file run_2.pdb (PDB, C-alpha atoms)
ATOM      1  CA  MET A 921      19.231  -3.568  15.211
ATOM      2  CA  SER A 922      20.978  -1.034  17.432
ATOM      3  CA  GLY A 923      19.520   0.290  20.668
ATOM      4  CA  LYS A 924      16.331   2.303  20.665
ATOM      5  CA  SER A 925      16.460   6.093  20.345
ATOM      6  CA  THR A 926      16.268   7.978  23.613
ATOM      7  CA  ASN A 927      16.095  11.608  24.684
ATOM      8  CA  ILE A 928      14.036  12.619  21.647
ATOM      9  CA  THR A 929      11.167  15.089  21.322
ATOM     10  CA  TRP A 930       8.584  15.424  18.556
ATOM     11  CA  HIS A 931       8.706  18.861  16.898
ATOM     12  CA  ASP A 932       5.566  20.135  15.196
ATOM     13  CA  GLN A 933       6.112  21.772  11.821
ATOM     14  CA  THR A 934       5.162  25.339  11.001
ATOM     15  CA  VAL A 935       3.483  24.211   7.778
ATOM     16  CA  SER A 936       0.737  21.843   8.924
ATOM     17  CA  LYS A 937      -0.908  18.935   7.142
ATOM     18  CA  GLY A 938      -4.111  20.940   6.925
ATOM     19  CA  ARG A 939      -2.396  23.848   5.211
ATOM     20  CA  ARG A 940      -0.747  21.506   2.718
ATOM     21  CA  ARG A 941      -4.132  19.997   1.894
ATOM     22  CA  GLU A 942      -5.632  23.438   1.398
ATOM     23  CA  LYS A 943      -2.798  24.350  -0.940
ATOM     24  CA  SER A 944      -3.080  21.188  -3.033
ATOM     25  CA  LYS A 945      -6.901  21.200  -2.948
ATOM     26  CA  HIS A 946      -7.127  17.501  -2.096
ATOM     27  CA  HIS A 947      -7.187  15.125   0.846
ATOM     28  CA  SER A 948      -4.048  13.161   1.735
ATOM     29  CA  TYR A 949      -4.303   9.466   2.516
ATOM     30  CA  VAL A 950      -2.930   5.980   1.899
ATOM     31  CA  LEU A 951      -4.301   3.616  -0.708
ATOM     32  CA  TRP A 952      -2.987   0.328   0.654
ATOM     33  CA  PHE A 953      -3.032  -2.369  -2.060
ATOM     34  CA  THR A 954      -2.734  -5.888  -0.655
ATOM     35  CA  GLY A 955      -2.933  -9.242  -2.410
ATOM     36  CA  LEU A 956      -0.955 -12.213  -3.616
ATOM     37  CA  SER A 957       2.152 -11.920  -5.759
ATOM     38  CA  GLY A 958       1.015 -11.563  -9.350
ATOM     39  CA  SER A 959      -2.445 -10.272  -8.429
ATOM     40  CA  GLY A 960      -1.777  -6.924 -10.117
ATOM     41  CA  LYS A 961      -1.148  -4.658  -7.129
ATOM     42  CA  SER A 962       1.652  -2.628  -8.708
ATOM     43  CA  SER A 963      -0.063  -2.388 -12.089
ATOM     44  CA  VAL A 964      -3.315  -1.060 -10.632
ATOM     45  CA  ALA A 965      -1.564   1.196  -8.105
ATOM     46  CA  ASN A 966       0.497   2.846 -10.834
ATOM     47  CA  ALA A 967      -2.536   3.206 -13.096
ATOM     48  CA  VAL A 968      -4.470   4.906 -10.281
ATOM     49  CA  ALA A 969      -1.462   7.129  -9.523
ATOM     50  CA  GLU A 970      -1.346   8.177 -13.182
ATOM     51  CA  ARG A 971      -5.055   9.000 -13.174
ATOM     52  CA  LEU A 972      -4.739  11.060  -9.995
ATOM     53  CA  PHE A 973      -1.614  12.787 -11.307
ATOM     54  CA  GLN A 974      -3.438  13.797 -14.483
ATOM     55  CA  ASP A 975      -6.042  15.411 -12.261
ATOM     56  CA  GLU A 976      -3.326  17.406 -10.469
ATOM     57  CA  THR A 977      -3.144  15.269  -7.344
ATOM     58  CA  HIS A 978       0.231  14.861  -5.646
ATOM     59  CA  THR A 979       0.946  11.126  -5.544
ATOM     60  CA  TYR A 980       3.740   8.678  -4.863
ATOM     61  CA  VAL A 981       3.832   4.896  -5.274
ATOM     62  CA  LEU A 982       5.701   2.752  -2.760
ATOM     63  CA  ASP A 983       6.318  -0.630  -4.385
ATOM     64  CA  GLY A 984       7.308  -3.729  -2.432
ATOM     65  CA  ASP A 985      10.320  -4.632  -4.566
ATOM     66  CA  ASN A 986      11.571  -1.048  -4.923
ATOM     67  CA  ILE A 987      11.510  -0.470  -1.171
ATOM     68  CA  ARG A 988      13.744  -3.484  -0.641
ATOM     69  CA  PHE A 989      16.434  -1.853  -2.768
ATOM     70  CA  GLY A 990      16.789   0.916  -0.182
ATOM     71  CA  ILE A 991      15.149   1.503   3.166
ATOM     72  CA  ASN A 992      14.392  -2.199   3.716
ATOM     73  CA  LYS A 993      17.373  -3.782   2.003
ATOM     74  CA  ASP A 994      18.485  -5.258   5.329
ATOM     75  CA  LEU A 995      15.313  -7.347   5.674
ATOM     76  CA  GLY A 996      14.654 -10.872   4.516
ATOM     77  CA  PHE A 997      11.353 -12.727   4.170
ATOM     78  CA  SER A 998      10.955 -14.386   7.533
ATOM     79  CA  GLU A 999       7.723 -13.623   9.385
ATOM     80  CA  GLU A1000       9.599 -11.244  11.698
ATOM     81  CA  ASP A1001      11.233  -9.410   8.801
ATOM     82  CA  ARG A1002       7.952  -9.161   6.926
ATOM     83  CA  LYS A1003       6.338  -7.566   9.940
ATOM     84  CA  GLU A1004       9.188  -5.062  10.223
ATOM     85  CA  ASN A1005       8.953  -4.388   6.478
ATOM     86  CA  ILE A1006       5.302  -3.381   6.823
ATOM     87  CA  ARG A1007       5.910  -1.412  10.022
ATOM     88  CA  ARG A1008       8.514   0.742   8.285
ATOM     89  CA  ILE A1009       6.310   1.269   5.256
ATOM     90  CA  GLY A1010       3.500   2.329   7.553
ATOM     91  CA  GLU A1011       5.693   4.975   9.147
ATOM     92  CA  VAL A1012       6.934   6.208   5.768
ATOM     93  CA  SER A1013       3.356   6.341   4.484
ATOM     94  CA  LYS A1014       2.335   8.400   7.491
ATOM     95  CA  LEU A1015       5.001  10.968   6.590
ATOM     96  CA  PHE A1016       3.711  11.166   3.021
ATOM     97  CA  VAL A1017       0.176  11.738   4.310
ATOM     98  CA  ASP A1018       1.459  14.456   6.628
ATOM     99  CA  SER A1019       3.165  16.074   3.637
ATOM    100  CA  GLY A1020      -0.233  16.363   1.954
ATOM    101  CA  GLN A1021       0.249  13.646  -0.650
ATOM    102  CA  VAL A1022      -1.646  10.548  -1.687
ATOM    103  CA  VAL A1023       0.593   7.525  -1.227
ATOM    104  CA  LEU A1024      -0.214   4.264  -2.969
ATOM    105  CA  THR A1025       1.469   1.197  -1.480
ATOM    106  CA  ALA A1026       1.741  -2.106  -3.353
ATOM    107  CA  PHE A1027       2.772  -4.799  -0.878
ATOM    108  CA  ILE A1028       1.640  -8.371  -0.396
ATOM    109  CA  SER A1029       1.431  -7.514   3.329
ATOM    110  CA  PRO A1030       0.129 -11.001   4.100
ATOM    111  CA  PHE A1031      -0.749 -10.602   7.768
ATOM    112  CA  ARG A1032      -4.016  -8.927   8.740
ATOM    113  CA  ASN A1033      -2.709  -7.659  12.065
ATOM    114  CA  ASP A1034       0.226  -5.880  10.402
ATOM    115  CA  ARG A1035      -2.128  -4.022   8.068
ATOM    116  CA  GLU A1036      -4.343  -3.043  10.983
ATOM    117  CA  GLU A1037      -1.332  -1.689  12.846
ATOM    118  CA  VAL A1038      -0.598   0.584   9.878
ATOM    119  CA  ARG A1039      -4.237   1.698   9.877
ATOM    120  CA  ALA A1040      -3.881   2.576  13.568
ATOM    121  CA  LEU A1041      -0.983   4.925  12.774
ATOM    122  CA  LEU A1042      -3.274   7.146  10.713
ATOM    123  CA  GLU A1043      -6.470   9.102  11.187
ATOM    124  CA  ASP A1044      -9.793   7.387  10.458
ATOM    125  CA  ASP A1045     -10.075   8.924   6.986
ATOM    126  CA  GLU A1046      -6.438   8.430   5.967
ATOM    127  CA  PHE A1047      -6.231   4.681   5.306
ATOM    128  CA  VAL A1048      -8.019   2.964   2.438
ATOM    129  CA  GLU A1049      -7.388  -0.772   2.210
ATOM    130  CA  VAL A1050      -7.683  -2.090  -1.335
ATOM    131  CA  TYR A1051      -7.895  -5.862  -1.559
ATOM    132  CA  VAL A1052      -6.589  -6.939  -4.955
ATOM    133  CA  LYS A1053      -8.505 -10.176  -5.232
ATOM    134  CA  CYS A1054      -7.136 -12.857  -7.513
ATOM    135  CA  SER A1055      -7.072 -16.619  -7.044
ATOM    136  CA  LEU A1056      -3.813 -18.405  -6.332
ATOM    137  CA  GLU A1057      -4.339 -20.395  -9.528
ATOM    138  CA  ALA A1058      -4.596 -17.249 -11.648
ATOM    139  CA  CYS A1059      -1.613 -15.588  -9.955
ATOM    140  CA  GLU A1060       0.462 -18.707 -10.410
ATOM    141  CA  ALA A1061      -0.552 -18.967 -14.060
ATOM    142  CA  ARG A1062       0.625 -15.390 -14.628
ATOM    143  CA  ASP A1063       3.793 -15.741 -12.531
ATOM    144  CA  PRO A1064       5.372 -12.625 -14.151
ATOM    145  CA  LYS A1065       8.590 -12.936 -12.122
ATOM    146  CA  GLY A1066       8.846 -16.727 -12.114
ATOM    147  CA  LEU A1067       8.558 -16.753  -8.334
ATOM    148  CA  TYR A1068       5.827 -19.349  -7.967
ATOM    149  CA  GLU A1069       7.819 -21.849 -10.004
ATOM    150  CA  LYS A1070      10.832 -21.318  -7.760
ATOM    151  CA  ALA A1071       8.626 -21.599  -4.674
ATOM    152  CA  ARG A1072       7.179 -24.892  -5.909
ATOM    153  CA  GLN A1073      10.713 -26.156  -6.456
ATOM    154  CA  GLY A1074      11.675 -25.173  -2.927
ATOM    155  CA  ILE A1075      14.186 -22.590  -4.143
ATOM    156  CA  ILE A1076      12.270 -19.755  -2.469
ATOM    157  CA  LYS A1077      11.270 -20.400   1.124
ATOM    158  CA  ASP A1078       8.370 -18.781   3.026
ATOM    159  CA  PHE A1079       6.575 -17.759  -0.173
ATOM    160  CA  THR A1080       3.103 -16.338   0.365
ATOM    161  CA  GLY A1081       0.355 -18.598  -0.925
ATOM    162  CA  ILE A1082       2.648 -21.607  -1.195
ATOM    163  CA  SER A1083       4.653 -22.103   1.994
ATOM    164  CA  SER A1084       3.492 -19.050   3.930
ATOM    165  CA  PRO A1085      -0.100 -17.929   4.559
ATOM    166  CA  TYR A1086      -1.972 -14.937   3.171
ATOM    167  CA  GLU A1087      -4.718 -13.525   5.377
ATOM    168  CA  GLU A1088      -7.433 -11.845   3.336
ATOM    169  CA  PRO A1089      -8.681  -8.467   4.617
ATOM    170  CA  ALA A1090     -11.689  -8.771   6.903
ATOM    171  CA  ASN A1091     -13.340  -5.466   5.979
ATOM    172  CA  PRO A1092     -11.444  -3.702   3.186
ATOM    173  CA  GLU A1093     -12.762  -0.380   1.934
ATOM    174  CA  ILE A1094     -12.408  -1.567  -1.662
ATOM    175  CA  VAL A1095     -12.250  -4.989  -3.313
ATOM    176  CA  ILE A1096     -11.103  -5.177  -6.911
ATOM    177  CA  ASP A1097     -11.111  -8.493  -8.780
ATOM    178  CA  THR A1098      -8.249  -8.465 -11.269
ATOM    179  CA  GLU A1099      -9.116 -11.957 -12.412
ATOM    180  CA  LYS A1100     -12.437 -10.715 -13.787
ATOM    181  CA  SER A1101     -11.881  -6.992 -14.352
ATOM    182  CA  SER A1102      -9.444  -5.013 -16.491
ATOM    183  CA  ILE A1103      -6.984  -2.574 -14.987
ATOM    184  CA  GLU A1104      -9.041   0.259 -16.451
ATOM    185  CA  ASP A1105     -12.196  -0.992 -14.769
ATOM    186  CA  CYS A1106     -10.360  -1.362 -11.455
ATOM    187  CA  VAL A1107      -9.095   2.202 -11.718
ATOM    188  CA  GLU A1108     -12.617   3.485 -12.357
ATOM    189  CA  GLN A1109     -13.926   1.564  -9.354
ATOM    190  CA  ILE A1110     -11.299   3.104  -7.076
ATOM    191  CA  VAL A1111     -11.738   6.618  -8.468
ATOM    192  CA  GLN A1112     -15.500   6.393  -7.976
ATOM    193  CA  PHE A1113     -14.978   5.380  -4.335
ATOM    194  CA  LEU A1114     -12.621   8.317  -3.755
ATOM    195  CA  LYS A1115     -15.088  10.760  -5.292
ATOM    196  CA  GLU A1116     -17.954   9.422  -3.178
ATOM    197  CA  LYS A1117     -15.843   9.806  -0.010
ATOM    198  CA  GLY A1118     -14.832  13.358  -0.960
ATOM    199  CA  TYR A1119     -11.157  12.433  -1.188
ATOM    200  CA  TYR A1120     -10.742  13.443  -4.821
ATOM    201  CA  ARG A1121      -9.200  16.747  -5.827
ATOM    202  CA  ASN A1122     -11.637  19.623  -6.186
ATOM    203  CA  ILE A1123     -11.530  20.142  -9.955
TER     204      ILE A1123
END
call {"tool": "encode", "arguments": {"input": "run_2.pdb", "output": "structure tokens"}}
result
Amino acid sequence: MSGKSTNITWHDQTVSKGRRREKSKHHSYVLWFTGLSGSGKSSVANAVAERLFQDETHTYVLDGDNIRFGINKDLGFSEEDRKENIRRIGEVSKLFVDSGQVVLTAFISPFRNDREEVRALLEDDEFVEVYVKCSLEACEARDPKGLYEKARQGIIKDFTGISSPYEEPANPEIVIDTEKSSIEDCVEQIVQFLKEKGYYRNI
């Protein structure tokens, strides 16, 4: 990394977050999906995004793999790089929230402290942690990308759940169990939470 930026000043925008929310008729926030590889984070996040989009909510999904093709392509999977990966995503998510959108992030984000640091970047009502609960055995049985097999063989190092820890959320706003529930049921559970909190679009 190069030296830190200096001599910079934050410039407030003429069009505020509040005005954007008024225009779109919905709250802006982060739905932060966390869980083991293969737990269904991306599948549920995209299904929720589709549901919100159909109800005229401005959404964008930030997916762990996709992000590593661009903004985080310089990062590996060491503990330090994983922390930096989440820090950057937190800052990007904050910009999406400021733009008046709902951003859905699908990242393993294995360390509890890293997730809490992202929460701290946002206002109290702008971060919704969604724990995508699924046992290691079930995730490994699915193994859609063949990653667990490679991790067991030692081909992939520092793999969450195998050779690197996953810290479950202490107090997530939502827990969905993809081992027991369908994607459709998980979507309904999340949508119901958003409606109860008043985060859903006024339709």
call {"tool": "closest_atom_pairs", "arguments": {"input": "run_2.pdb", "of": "region 977-1028 of chain A", "to": "region 939-945 of chain A", "cutoff": "9 Å", "atoms": "only C-alpha atoms", "output": "tab-separated table"}}
result
residue	atom	partner	partner_atom	distance
A:Thr977	CA	A:Ser944	CA	7.3
A:His978	CA	A:Ser944	CA	7.6
A:Asp1018	CA	A:Arg940	CA	8.4
A:Ser1019	CA	A:Arg940	CA	6.8
A:Gly1020	CA	A:Arg940	CA	5.2
A:Gln1021	CA	A:Arg941	CA	8.1
call {"tool": "residues_near_point", "arguments": {"input": "run_2.pdb", "point": "(-1.3, -9.1, 9.1)", "cutoff": "12 Å", "atoms": "all atoms listed in the file", "output": "PDB file with C-alpha atoms, in the coordinates of the input"}}
result
ATOM      1  CA  THR A 954      -2.734  -5.888  -0.655  1.00  0.00           C
ATOM      2  CA  GLY A 955      -2.933  -9.242  -2.410  1.00  0.00           C
ATOM      3  CA  GLU A 999       7.723 -13.623   9.385  1.00  0.00           C
ATOM      4  CA  GLU A1000       9.599 -11.244  11.698  1.00  0.00           C
ATOM      5  CA  ARG A1002       7.952  -9.161   6.926  1.00  0.00           C
ATOM      6  CA  LYS A1003       6.338  -7.566   9.940  1.00  0.00           C
ATOM      7  CA  GLU A1004       9.188  -5.062  10.223  1.00  0.00           C
ATOM      8  CA  ASN A1005       8.953  -4.388   6.478  1.00  0.00           C
ATOM      9  CA  ILE A1006       5.302  -3.381   6.823  1.00  0.00           C
ATOM     10  CA  ARG A1007       5.910  -1.412  10.022  1.00  0.00           C
ATOM     11  CA  PHE A1027       2.772  -4.799  -0.878  1.00  0.00           C
ATOM     12  CA  ILE A1028       1.640  -8.371  -0.396  1.00  0.00           C
ATOM     13  CA  SER A1029       1.431  -7.514   3.329  1.00  0.00           C
ATOM     14  CA  PRO A1030       0.129 -11.001   4.100  1.00  0.00           C
ATOM     15  CA  PHE A1031      -0.749 -10.602   7.768  1.00  0.00           C
ATOM     16  CA  ARG A1032      -4.016  -8.927   8.740  1.00  0.00           C
ATOM     17  CA  ASN A1033      -2.709  -7.659  12.065  1.00  0.00           C
ATOM     18  CA  ASP A1034       0.226  -5.880  10.402  1.00  0.00           C
ATOM     19  CA  ARG A1035      -2.128  -4.022   8.068  1.00  0.00           C
ATOM     20  CA  GLU A1036      -4.343  -3.043  10.983  1.00  0.00           C
ATOM     21  CA  GLU A1037      -1.332  -1.689  12.846  1.00  0.00           C
ATOM     22  CA  VAL A1038      -0.598   0.584   9.878  1.00  0.00           C
ATOM     23  CA  ARG A1039      -4.237   1.698   9.877  1.00  0.00           C
ATOM     24  CA  PRO A1085      -0.100 -17.929   4.559  1.00  0.00           C
ATOM     25  CA  TYR A1086      -1.972 -14.937   3.171  1.00  0.00           C
ATOM     26  CA  GLU A1087      -4.718 -13.525   5.377  1.00  0.00           C
ATOM     27  CA  GLU A1088      -7.433 -11.845   3.336  1.00  0.00           C
ATOM     28  CA  PRO A1089      -8.681  -8.467   4.617  1.00  0.00           C
ATOM     29  CA  ALA A1090     -11.689  -8.771   6.903  1.00  0.00           C
TER      30      ALA A1090
END
call {"tool": "closest_residue", "arguments": {"input": "run_2.pdb", "among": "A:Thr926, A:Ser963, A:Thr934, A:Ser948", "to": "Ser1102 (chain A)", "atoms": "only C-alpha atoms"}}
result
A:Ser963
call {"tool": "atom_distance", "arguments": {"input": "run_2.pdb", "atom1": "CA of Tyr949 (chain A)", "atom2": "CA of Lys937 (chain A)"}}
result
11.1 Å
call {"tool": "closest_residue", "arguments": {"input": "run_2.pdb", "among": "A:Phe1113, A:Gln974, A:Ala1058, A:Thr979", "to": "Val1023 (chain A)", "atoms": "all atoms listed in the file"}}
result
A:Thr979
call {"tool": "closest_residue", "arguments": {"input": "run_2.pdb", "among": "A:Val1111, A:Glu1069, A:Lys1117, A:Val1012", "to": "Val968 (chain A)", "atoms": "only C-alpha atoms"}}
result
A:Val1111
call {"tool": "residues_around", "arguments": {"input": "run_2.pdb", "residues": "Asn966 (chain A)", "least_positions_apart": "3", "cutoff": "12 Å", "atoms": "only C-alpha atoms", "output": "PyMOL selection string"}}
result
chain A and resi 951+953+960-963+969-973+979-983+1023-1026+1103-1104+1106-1107
call {"tool": "closest_residue", "arguments": {"input": "run_2.pdb", "among": "A:Glu1099, A:Glu1043, A:Asp932, A:Glu1108", "to": "Arg1062 (chain A)", "atoms": "all atoms listed in the file"}}
result
A:Glu1099
call {"tool": "closest_residue", "arguments": {"input": "run_2.pdb", "among": "A:Glu1116, A:Asp1078, A:Glu1049, A:Asp1063", "to": "Glu1093 (chain A)", "atoms": "only C-alpha atoms"}}
result
A:Glu1049
call {"tool": "atom_distance", "arguments": {"input": "run_2.pdb", "atom1": "CA of Gly996 (chain A)", "atom2": "CA of Thr1098 (chain A)"}}
result
27.9 Å
call {"tool": "atom_distance", "arguments": {"input": "run_2.pdb", "atom1": "CA of Tyr1119 (chain A)", "atom2": "CA of Val1022 (chain A)"}}
result
9.7 Å
call {"tool": "closest_residue", "arguments": {"input": "run_2.pdb", "among": "A:Val1095, A:Ile1110, A:Leu1042, A:Ile1009", "to": "Gly990 (chain A)", "atoms": "only C-alpha atoms"}}
result
A:Ile1009
call {"tool": "resolve_selection", "arguments": {"input": "run_2.pdb", "expression": "the PyMOL selection byres ((chain A and resi 1096) around 8)", "output": "CSV table (one decimal) with C-alpha atoms, in the coordinates of the input"}}
result
chain,number,residue,atom,x,y,z
A,1050,VAL,CA,-7.7,-2.1,-1.3
A,1051,TYR,CA,-7.9,-5.9,-1.6
A,1052,VAL,CA,-6.6,-6.9,-5.0
A,1053,LYS,CA,-8.5,-10.2,-5.2
A,1094,ILE,CA,-12.4,-1.6,-1.7
A,1095,VAL,CA,-12.2,-5.0,-3.3
A,1097,ASP,CA,-11.1,-8.5,-8.8
A,1098,THR,CA,-8.2,-8.5,-11.3
A,1101,SER,CA,-11.9,-7.0,-14.4
A,1106,CYS,CA,-10.4,-1.4,-11.5
A,1109,GLN,CA,-13.9,1.6,-9.4
